$ cat structure_36.pdb   # PDB, C-alpha atoms
ATOM      1  CA  MET D   1     -34.607 -28.592  22.351
ATOM      2  CA  ARG D   2     -31.204 -30.184  22.693
ATOM      3  CA  THR D   3     -30.188 -31.970  25.862
ATOM      4  CA  LEU D   4     -26.844 -31.078  27.371
ATOM      5  CA  LEU D   5     -25.282 -34.112  28.975
ATOM      6  CA  ALA D   6     -22.441 -32.534  30.915
ATOM      7  CA  LEU D   7     -20.963 -35.376  32.850
ATOM      8  CA  CYS D   8     -18.452 -33.172  34.582
ATOM      9  CA  LEU D   9     -17.785 -29.465  34.439
ATOM     10  CA  CYS D  10     -14.628 -29.065  36.496
ATOM     11  CA  LEU D  11     -12.931 -26.881  33.947
ATOM     12  CA  ALA D  12      -9.936 -24.688  34.570
ATOM     13  CA  ALA D  13     -10.210 -20.996  33.840
ATOM     14  CA  CYS D  14      -8.217 -19.654  30.907
ATOM     15  CA  ASP D  15      -4.833 -18.207  31.810
ATOM     16  CA  ASP D  16      -3.403 -14.764  31.183
ATOM     17  CA  ALA D  17      -2.408 -13.889  27.621
ATOM     18  CA  GLY D  18       1.043 -12.739  28.635
ATOM     19  CA  ALA D  19       2.728 -16.172  28.936
ATOM     20  CA  ASP D  20       5.766 -16.889  26.838
ATOM     21  CA  ALA D  21       4.825 -17.965  23.303
ATOM     22  CA  ALA D  22       7.978 -20.064  23.164
ATOM     23  CA  ALA D  23       6.319 -22.580  25.508
ATOM     24  CA  ALA D  24       3.688 -23.219  22.869
ATOM     25  CA  ASP D  25       6.351 -23.480  20.160
ATOM     26  CA  ALA D  26       8.255 -26.100  22.146
ATOM     27  CA  ARG D  27       5.170 -28.110  23.004
ATOM     28  CA  VAL D  28       3.640 -28.429  19.541
ATOM     29  CA  ALA D  29       6.786 -27.933  17.461
ATOM     30  CA  THR D  30       5.182 -25.044  15.568
ATOM     31  CA  ASP D  31       5.330 -21.279  15.366
ATOM     32  CA  ALA D  32       1.976 -20.991  17.171
ATOM     33  CA  ALA D  33       1.458 -18.690  20.151
ATOM     34  CA  PRO D  34      -0.810 -19.562  23.115
ATOM     35  CA  ASP D  35      -4.529 -19.491  22.364
ATOM     36  CA  ALA D  36      -6.394 -18.592  25.500
ATOM     37  CA  GLY D  37      -5.545 -14.925  25.830
ATOM     38  CA  LEU D  38      -6.040 -14.357  22.116
ATOM     39  CA  ALA D  39      -9.472 -15.907  22.270
ATOM     40  CA  ASP D  40     -10.439 -13.914  25.350
ATOM     41  CA  ALA D  41      -9.440 -10.687  23.615
ATOM     42  CA  ALA D  42     -11.549 -11.626  20.618
ATOM     43  CA  PHE D  43     -14.527 -12.377  22.861
ATOM     44  CA  ALA D  44     -14.135  -8.978  24.500
ATOM     45  CA  ASP D  45     -14.112  -7.316  21.090
ATOM     46  CA  ALA D  46     -17.294  -9.170  20.167
ATOM     47  CA  GLY D  47     -19.026  -8.349  23.457
ATOM     48  CA  LEU D  48     -18.951 -11.973  24.579
ATOM     49  CA  ALA D  49     -16.321 -11.867  27.301
ATOM     50  CA  ASP D  50     -18.834 -12.487  30.094
ATOM     51  CA  ALA D  51     -20.728 -15.272  28.366
ATOM     52  CA  GLY D  52     -19.695 -17.839  30.975
ATOM     53  CA  PRO D  53     -20.697 -21.505  30.863
ATOM     54  CA  PRO D  54     -23.864 -22.677  29.099
ATOM     55  CA  ALA D  55     -26.984 -21.728  31.059
ATOM     56  CA  ASP D  56     -28.079 -25.346  31.323
ATOM     57  CA  ALA D  57     -24.654 -26.795  32.082
ATOM     58  CA  ALA D  58     -25.810 -29.185  34.783
ATOM     59  CA  VAL D  59     -25.072 -32.809  35.589
ATOM     60  CA  ALA D  60     -27.628 -34.858  33.708
ATOM     61  CA  ASP D  61     -27.954 -37.750  36.155
ATOM     62  CA  ALA D  62     -28.922 -37.692  39.813
ATOM     63  CA  ALA D  63     -26.099 -40.174  40.428
ATOM     64  CA  PRO D  64     -23.718 -39.361  37.552
ATOM     65  CA  LEU D  65     -21.518 -41.993  35.996
ATOM     66  CA  PRO D  66     -17.746 -41.489  36.059
ATOM     67  CA  PRO D  67     -16.875 -38.628  33.726
ATOM     68  CA  LEU D  68     -16.048 -39.475  30.156
ATOM     69  CA  GLY D  69     -12.344 -38.948  29.618
ATOM     70  CA  GLY D  70     -11.493 -39.583  33.262
ATOM     71  CA  PRO D  71     -11.566 -37.346  36.349
ATOM     72  CA  ASP D  72      -8.497 -35.377  35.274
ATOM     73  CA  ARG D  73      -9.691 -34.817  31.696
ATOM     74  CA  PRO D  74     -13.506 -34.465  31.860
ATOM     75  CA  ALA D  75     -15.356 -34.088  28.571
ATOM     76  CA  LEU D  76     -18.479 -32.083  27.811
ATOM     77  CA  VAL D  77     -21.130 -34.037  25.893
ATOM     78  CA  PHE D  78     -24.080 -32.584  23.953
ATOM     79  CA  ALA D  79     -26.622 -35.003  22.476
ATOM     80  CA  PRO D  80     -29.745 -34.438  20.372
ATOM     81  CA  ALA D  81     -33.197 -34.896  21.833
ATOM     82  CA  GLY D  82     -35.522 -37.504  20.409
ATOM     83  CA  GLU D  83     -34.964 -40.913  18.899
ATOM     84  CA  PRO D  84     -31.579 -41.572  17.301
ATOM     85  CA  PRO D  85     -31.180 -43.050  13.818
ATOM     86  CA  ALA D  86     -31.015 -46.820  13.627
ATOM     87  CA  ALA D  87     -27.204 -46.714  13.431
ATOM     88  CA  GLY D  88     -26.939 -44.104  16.189
ATOM     89  CA  TRP D  89     -25.954 -40.438  16.062
ATOM     90  CA  PRO D  90     -22.852 -39.355  14.141
ATOM     91  CA  LEU D  91     -20.081 -38.076  16.415
ATOM     92  CA  LEU D  92     -18.150 -34.787  16.393
ATOM     93  CA  PHE D  93     -15.165 -34.113  18.639
ATOM     94  CA  LEU D  94     -14.184 -30.462  19.218
ATOM     95  CA  LEU D  95     -10.580 -30.007  20.390
ATOM     96  CA  HIS D  96      -9.551 -26.816  22.179
ATOM     97  CA  GLY D  97      -6.266 -24.987  21.683
ATOM     98  CA  PHE D  98      -3.161 -24.828  23.849
ATOM     99  CA  ARG D  99      -3.898 -23.360  27.314
ATOM    100  CA  ALA D 100      -7.652 -23.385  26.564
ATOM    101  CA  ASN D 101     -10.351 -25.832  27.711
ATOM    102  CA  PRO D 102     -13.674 -27.367  26.620
ATOM    103  CA  GLU D 103     -15.737 -24.507  28.060
ATOM    104  CA  LEU D 104     -13.848 -21.899  26.043
ATOM    105  CA  MET D 105     -14.071 -24.077  22.931
ATOM    106  CA  HIS D 106     -17.840 -24.313  23.410
ATOM    107  CA  ARG D 107     -18.117 -20.538  23.682
ATOM    108  CA  GLN D 108     -16.016 -20.019  20.579
ATOM    109  CA  PHE D 109     -17.551 -22.766  18.397
ATOM    110  CA  PRO D 110     -20.988 -23.586  19.888
ATOM    111  CA  PHE D 111     -21.804 -26.675  17.841
ATOM    112  CA  GLY D 112     -23.300 -28.067  21.042
ATOM    113  CA  GLU D 113     -26.090 -25.496  20.857
ATOM    114  CA  HIS D 114     -27.205 -26.908  17.489
ATOM    115  CA  VAL D 115     -27.121 -30.672  17.940
ATOM    116  CA  ASP D 116     -30.832 -30.978  17.193
ATOM    117  CA  ASP D 117     -30.339 -29.106  13.920
ATOM    118  CA  HIS D 118     -27.276 -31.055  12.845
ATOM    119  CA  GLY D 119     -28.187 -34.449  14.285
ATOM    120  CA  TRP D 120     -24.904 -35.485  15.841
ATOM    121  CA  ILE D 121     -23.380 -35.927  19.291
ATOM    122  CA  VAL D 122     -20.839 -33.222  20.116
ATOM    123  CA  VAL D 123     -18.019 -34.046  22.554
ATOM    124  CA  LEU D 124     -15.474 -31.537  23.845
ATOM    125  CA  PRO D 125     -12.518 -33.452  25.329
ATOM    126  CA  HIS D 126      -9.946 -31.991  27.694
ATOM    127  CA  GLY D 127      -6.277 -32.027  26.750
ATOM    128  CA  ALA D 128      -3.571 -33.432  29.010
ATOM    129  CA  ARG D 129      -1.546 -30.966  31.072
ATOM    130  CA  ASP D 130       2.060 -30.192  30.305
ATOM    131  CA  GLU D 131       4.805 -29.688  32.869
ATOM    132  CA  SER D 132       3.529 -26.152  33.514
ATOM    133  CA  GLY D 133      -0.060 -27.321  34.016
ATOM    134  CA  PHE D 134      -1.385 -26.017  30.674
ATOM    135  CA  PRO D 135      -3.816 -28.197  28.639
ATOM    136  CA  TYR D 136      -2.464 -29.223  25.244
ATOM    137  CA  TRP D 137      -2.559 -31.934  22.558
ATOM    138  CA  GLN D 138       0.391 -33.933  21.214
ATOM    139  CA  ALA D 139      -0.083 -32.694  17.660
ATOM    140  CA  HIS D 140       2.615 -33.336  15.036
ATOM    141  CA  GLU D 141       5.302 -33.448  17.684
ATOM    142  CA  ARG D 142       6.472 -37.061  17.346
ATOM    143  CA  VAL D 143       8.283 -38.390  14.328
ATOM    144  CA  ASP D 144       8.530 -42.052  15.291
ATOM    145  CA  ASP D 145       5.067 -42.671  16.767
ATOM    146  CA  VAL D 146       1.641 -41.080  17.146
ATOM    147  CA  GLY D 147       2.009 -40.058  20.789
ATOM    148  CA  GLU D 148      -0.514 -40.642  23.560
ATOM    149  CA  ASP D 149      -3.439 -38.492  22.440
ATOM    150  CA  VAL D 150      -4.387 -40.458  19.325
ATOM    151  CA  PRO D 151      -5.180 -43.659  21.292
ATOM    152  CA  TYR D 152      -6.656 -41.541  24.110
ATOM    153  CA  LEU D 153      -9.157 -39.844  21.775
ATOM    154  CA  LEU D 154     -10.044 -43.075  19.995
ATOM    155  CA  ASP D 155     -10.710 -44.709  23.360
ATOM    156  CA  LEU D 156     -12.846 -41.723  24.350
ATOM    157  CA  ALA D 157     -14.939 -42.224  21.208
ATOM    158  CA  ASP D 158     -15.484 -45.834  22.274
ATOM    159  CA  GLN D 159     -16.489 -44.621  25.754
ATOM    160  CA  VAL D 160     -19.079 -42.322  24.195
ATOM    161  CA  ALA D 161     -20.434 -45.151  22.038
ATOM    162  CA  ALA D 162     -20.729 -47.411  25.093
ATOM    163  CA  ARG D 163     -22.877 -44.805  26.837
ATOM    164  CA  TYR D 164     -24.908 -43.211  24.010
ATOM    165  CA  PRO D 165     -26.318 -44.437  20.671
ATOM    166  CA  THR D 166     -23.350 -43.452  18.494
ATOM    167  CA  ASP D 167     -22.520 -44.185  14.857
ATOM    168  CA  LEU D 168     -18.736 -44.597  14.969
ATOM    169  CA  ASP D 169     -18.690 -45.078  11.188
ATOM    170  CA  HIS D 170     -19.398 -41.343  11.031
ATOM    171  CA  PHE D 171     -16.828 -39.907  13.422
ATOM    172  CA  TYR D 172     -15.569 -36.370  12.736
ATOM    173  CA  VAL D 173     -12.959 -34.241  14.523
ATOM    174  CA  ALA D 174     -12.564 -30.457  14.500
ATOM    175  CA  GLY D 175     -10.175 -28.294  16.450
ATOM    176  CA  HIS D 176      -8.791 -24.803  16.879
ATOM    177  CA  SER D 177      -5.055 -23.992  16.809
ATOM    178  CA  ASN D 178      -3.244 -26.795  18.682
ATOM    179  CA  GLY D 179      -6.585 -28.656  18.594
ATOM    180  CA  GLY D 180      -6.828 -28.156  14.826
ATOM    181  CA  ALA D 181      -3.377 -29.646  14.383
ATOM    182  CA  MET D 182      -4.490 -32.567  16.570
ATOM    183  CA  ALA D 183      -7.597 -33.079  14.431
ATOM    184  CA  GLN D 184      -5.408 -33.335  11.347
ATOM    185  CA  SER D 185      -3.039 -35.693  13.175
ATOM    186  CA  LEU D 186      -5.966 -38.030  13.878
ATOM    187  CA  ALA D 187      -6.863 -38.007  10.193
ATOM    188  CA  CYS D 188      -3.275 -38.911   9.313
ATOM    189  CA  TYR D 189      -2.716 -41.596  11.951
ATOM    190  CA  ALA D 190      -6.229 -43.031  12.415
ATOM    191  CA  ALA D 191      -7.938 -42.627   9.053
ATOM    192  CA  ASP D 192      -9.599 -46.008   9.521
ATOM    193  CA  ARG D 193     -11.648 -44.431  12.343
ATOM    194  CA  ILE D 194     -12.118 -40.828  11.144
ATOM    195  CA  ARG D 195     -14.505 -39.700   8.368
ATOM    196  CA  GLY D 196     -13.466 -36.062   8.274
ATOM    197  CA  PHE D 197     -11.545 -33.297  10.048
ATOM    198  CA  ILE D 198     -11.501 -29.497  10.347
ATOM    199  CA  ASN D 199      -8.235 -27.725  11.057
ATOM    200  CA  ILE D 200      -9.074 -24.195  12.244
ATOM    201  CA  SER D 201      -6.059 -21.882  12.641
ATOM    202  CA  GLY D 202      -3.776 -24.831  13.298
ATOM    203  CA  VAL D 203      -0.376 -25.810  11.953
ATOM    204  CA  ASN D 204      -0.601 -28.295   9.072
ATOM    205  CA  ILE D 205       1.333 -31.529   9.097
ATOM    206  CA  THR D 206       3.985 -31.936   6.397
ATOM    207  CA  PRO D 207       3.133 -34.488   3.667
ATOM    208  CA  GLU D 208       6.088 -36.744   4.442
ATOM    209  CA  ARG D 209       4.674 -37.319   7.920
ATOM    210  CA  CYS D 210       1.098 -38.069   6.867
ATOM    211  CA  ALA D 211       0.009 -41.258   5.110
ATOM    212  CA  PRO D 212      -3.730 -41.836   5.729
ATOM    213  CA  SER D 213      -4.826 -45.434   5.272
ATOM    214  CA  ARG D 214      -7.927 -44.221   3.442
ATOM    215  CA  PRO D 215      -9.268 -40.888   2.089
ATOM    216  CA  VAL D 216     -10.646 -38.560   4.788
ATOM    217  CA  THR D 217     -12.761 -35.450   4.190
ATOM    218  CA  ALA D 218     -10.789 -32.261   4.912
ATOM    219  CA  LEU D 219     -11.743 -28.666   5.725
ATOM    220  CA  HIS D 220      -8.937 -26.133   6.231
ATOM    221  CA  ILE D 221      -9.921 -22.788   7.818
ATOM    222  CA  SER D 222      -7.683 -19.851   8.695
ATOM    223  CA  GLY D 223      -7.557 -16.055   8.837
ATOM    224  CA  THR D 224      -5.179 -14.043   6.679
ATOM    225  CA  LEU D 225      -4.185 -11.835   9.644
ATOM    226  CA  ASP D 226      -3.312 -14.760  11.923
ATOM    227  CA  ASP D 227       0.014 -13.748  13.444
ATOM    228  CA  SER D 228       0.273 -16.907  15.568
ATOM    229  CA  VAL D 229      -0.014 -19.564  12.850
ATOM    230  CA  ARG D 230       0.631 -17.702   9.627
ATOM    231  CA  TYR D 231      -1.741 -18.356   6.745
ATOM    232  CA  GLU D 232       1.092 -18.607   4.220
ATOM    233  CA  GLY D 233       2.983 -21.076   6.399
ATOM    234  CA  SER D 234       6.548 -21.296   7.655
ATOM    235  CA  ALA D 235       9.479 -23.689   7.709
ATOM    236  CA  THR D 236       7.471 -26.197   9.775
ATOM    237  CA  ASN D 237       3.990 -25.377   8.445
ATOM    238  CA  PRO D 238       3.040 -25.996   4.795
ATOM    239  CA  GLY D 239       0.462 -23.206   4.961
ATOM    240  CA  VAL D 240      -3.266 -23.339   4.408
ATOM    241  CA  ASP D 241      -3.484 -23.232   0.612
ATOM    242  CA  ALA D 242      -0.645 -25.724   0.187
ATOM    243  CA  SER D 243      -2.023 -28.170   2.760
ATOM    244  CA  ALA D 244      -5.598 -27.956   1.477
ATOM    245  CA  THR D 245      -4.449 -28.503  -2.110
ATOM    246  CA  TRP D 246      -2.202 -31.428  -1.180
ATOM    247  CA  TRP D 247      -4.946 -33.097   0.839
ATOM    248  CA  ALA D 248      -7.559 -32.610  -1.878
ATOM    249  CA  GLU D 249      -5.486 -33.578  -4.901
ATOM    250  CA  THR D 250      -3.075 -36.154  -3.466
ATOM    251  CA  VAL D 251      -4.949 -37.766  -0.563
ATOM    252  CA  LEU D 252      -8.491 -37.543  -1.956
ATOM    253  CA  GLY D 253      -7.685 -37.585  -5.673
ATOM    254  CA  CYS D 254      -9.954 -34.612  -6.393
ATOM    255  CA  VAL D 255      -9.800 -33.349  -9.983
ATOM    256  CA  GLU D 256     -11.084 -29.760  -9.990
ATOM    257  CA  ALA D 257     -11.191 -26.766  -7.656
ATOM    258  CA  THR D 258     -13.790 -24.009  -7.921
ATOM    259  CA  ASP D 259     -14.347 -20.857  -5.892
ATOM    260  CA  ALA D 260     -17.794 -20.344  -4.388
ATOM    261  CA  GLU D 261     -19.393 -17.021  -3.539
ATOM    262  CA  PRO D 262     -17.711 -15.454  -0.475
ATOM    263  CA  ALA D 263     -19.648 -15.954   2.765
ATOM    264  CA  ASP D 264     -20.158 -13.969   5.973
ATOM    265  CA  LEU D 265     -19.240 -16.465   8.686
ATOM    266  CA  THR D 266     -17.550 -14.471  11.477
ATOM    267  CA  LEU D 267     -18.263 -11.471  13.706
ATOM    268  CA  GLN D 268     -14.812 -10.004  13.202
ATOM    269  CA  ALA D 269     -14.668  -8.781   9.608
ATOM    270  CA  PRO D 270     -16.909  -7.051   7.060
ATOM    271  CA  ASP D 271     -19.589  -8.998   5.206
ATOM    272  CA  ALA D 272     -18.489 -11.939   3.068
ATOM    273  CA  GLU D 273     -15.001 -12.191   4.538
ATOM    274  CA  THR D 274     -14.659 -15.926   3.817
ATOM    275  CA  ALA D 275     -13.418 -17.083   0.409
ATOM    276  CA  ILE D 276     -14.471 -20.715  -0.067
ATOM    277  CA  ARG D 277     -12.694 -23.104  -2.436
ATOM    278  CA  ARG D 278     -14.280 -26.505  -3.090
ATOM    279  CA  TRP D 279     -12.824 -29.510  -4.858
ATOM    280  CA  SER D 280     -14.890 -31.957  -6.916
ATOM    281  CA  GLY D 281     -14.298 -35.433  -8.290
ATOM    282  CA  CYS D 282     -12.858 -36.612  -4.968
ATOM    283  CA  ALA D 283     -12.729 -40.181  -3.674
ATOM    284  CA  PRO D 284     -16.241 -41.562  -3.061
ATOM    285  CA  GLY D 285     -17.761 -40.305   0.176
ATOM    286  CA  THR D 286     -15.162 -37.553   0.650
ATOM    287  CA  HIS D 287     -15.075 -33.787   0.216
ATOM    288  CA  ALA D 288     -12.457 -31.038   0.448
ATOM    289  CA  GLU D 289     -12.762 -27.309   1.118
ATOM    290  CA  ARG D 290     -10.500 -24.383   2.019
ATOM    291  CA  TRP D 291     -11.906 -21.308   3.802
ATOM    292  CA  ARG D 292      -9.693 -18.228   3.654
ATOM    293  CA  MET D 293     -10.991 -15.629   6.131
ATOM    294  CA  ASP D 294      -9.775 -12.234   4.937
ATOM    295  CA  GLY D 295      -9.018  -9.781   7.720
ATOM    296  CA  VAL D 296      -9.498 -12.376  10.497
ATOM    297  CA  ARG D 297      -6.899 -13.187  13.161
ATOM    298  CA  HIS D 298      -6.067 -16.361  15.097
ATOM    299  CA  ALA D 299      -9.067 -16.434  17.454
ATOM    300  CA  ILE D 300     -12.238 -16.734  15.380
ATOM    301  CA  ILE D 301     -15.671 -15.765  16.699
ATOM    302  CA  VAL D 302     -18.236 -17.438  14.483
ATOM    303  CA  GLN D 303     -21.784 -16.772  13.374
ATOM    304  CA  PRO D 304     -24.376 -19.583  13.258
ATOM    305  CA  ALA D 305     -23.839 -19.708   9.497
ATOM    306  CA  PHE D 306     -20.289 -20.942  10.173
ATOM    307  CA  LEU D 307     -21.621 -23.914  12.134
ATOM    308  CA  ASP D 308     -24.111 -24.843   9.422
ATOM    309  CA  ALA D 309     -21.560 -24.514   6.625
ATOM    310  CA  ALA D 310     -18.954 -26.549   8.504
ATOM    311  CA  HIS D 311     -21.488 -29.289   9.190
ATOM    312  CA  ALA D 312     -22.463 -29.358   5.510
ATOM    313  CA  ALA D 313     -18.806 -29.553   4.420
ATOM    314  CA  LEU D 314     -18.059 -32.509   6.706
ATOM    315  CA  VAL D 315     -21.115 -34.588   5.851
ATOM    316  CA  ALA D 316     -21.249 -33.706   2.116
ATOM    317  CA  PRO D 317     -21.657 -36.826  -0.036
TER
END
$ encode --input "structure_36.pdb" --output "structure tokens"
Amino acid sequence: MRTLLALCLCLAACDDAGADAAAADARVATDAAPDAGLADAAFADAGLADAGPPADAAVADAAPLPPLGGPDRPALVFAPAGEPPAAGWPLLFLLHGFRANPELMHRQFPFGEHVDDHGWIVVLPHGARDESGFPYWQAHERVDDVGEDVPYLLDLADQVAARYPTDLDHFYVAGHSNGGAMAQSLACYAADRIRGFINISGVNITPERCAPSRPVTALHISGTLDDSVRYEGSATNPGVDASATWWAETVLGCVEATDAEPADLTLQAPDAETAIRRWSGCAPGTHAERWRMDGVRHAIIVQPAFLDAAHAALVAP
């Protein structure tokens, strides 16, 4: 049974869906609308709106250490039970979307419930707050530097490693919407630290602004009915197929793409809604996939099979 090490659970509730989408556009320099209300609506549709925090979300220590990430940006930490590998547990960061928070991200993508199965530490950081008080990540919004969140997240990984047996040579980042864009930003700007990323429903960085120092495993996931971050892209978003192909063929040097059998990975569409494309012949130790979720919108409610397949795609040899 996994152990939930929640060092602090002072998480803000998600805000109303009716806020102006232009605020999100200005903050992340994309055509994305706010996440939180969209996700809440999807949870209601799936019968999960009242799920609340994890049942065992309790402070692990009688006298807890200062929260990872700092008192204003507390992170949730899930760690496997039992003895770690000699090098420590691999690390997965899960980054929430604009106006969301770690608790909502855990409900939507519960990798933390499966840490014993997957054998990695799962950390859900908290974004900084913008001038309106909404959590967000500085994804793709700076041309001349990487912003503040890249060093912040790398420092948080070091904090985790100082407290738990962590293998920082196997550090992965996944995110939804604004968090997905941030995950890809980390792969662009800190490839020396990151082994792989998953961009779920997030805007993709343009090639001229991304020059990874080494190949990084990539998984692009998006729904075809996403009306917040359009699957086909826009003037500022290369689109899912274009970004996945560029990353696989240019960054990773993959030589062939094949389409696997469609898979049933969400609760929101008929069976086998996910068309999976895999690239082969990539740089050693890397892997590339694109998941096109037909009939799925921006907020994705996943089945356990999604978690297993995503884990397999990230750690594939």
$ closest_residue --input "structure_36.pdb" --among "D:Gly223, D:Tyr189, D:Asn237, D:Arg277" --to "Gly147 of chain D" --atoms "all atoms listed in the file"
D:Tyr189
$ resolve_selection --input "structure_36.pdb" --expression "the PyMOL selection byres ((chain D and resi 196) around 7)" --output "number ranges by chain"
D: 172-173, 194-195, 197, 216-218, 314
$ residues_around --input "structure_36.pdb" --residues "Val122 of chain D" --least-positions-apart "6" --cutoff "6 Å" --atoms "all atoms listed in the file" --output "ChimeraX atom specification"
/D:77-78,92-93,112
$ closest_residue --input "structure_36.pdb" --among "D:His311, D:Ala260, D:Phe98, D:Ala316" --to "Ser132 of chain D" --atoms "all atoms listed in the file"
D:Phe98
$ residues_around --input "structure_36.pdb" --residues "segment 149-154 of chain D" --least-positions-apart "6" --cutoff "9 Å" --atoms "all atoms listed in the file" --output "PyMOL selection string"
chain D and resi 69+93+125+127-128+137-139+182+185-186+189-190+193
$ residues_around --input "structure_36.pdb" --residues "Cys282 of chain D" --least-positions-apart "5" --cutoff "7 Å" --atoms "all atoms listed in the file" --output "list in words"
Leu252, Gly253, Cys254, Val255 and His287 of chain D
$ resolve_selection --input "structure_36.pdb" --expression "the PyMOL selection byres ((chain D and resi 178) around 6)" --output "count of residues only"
7
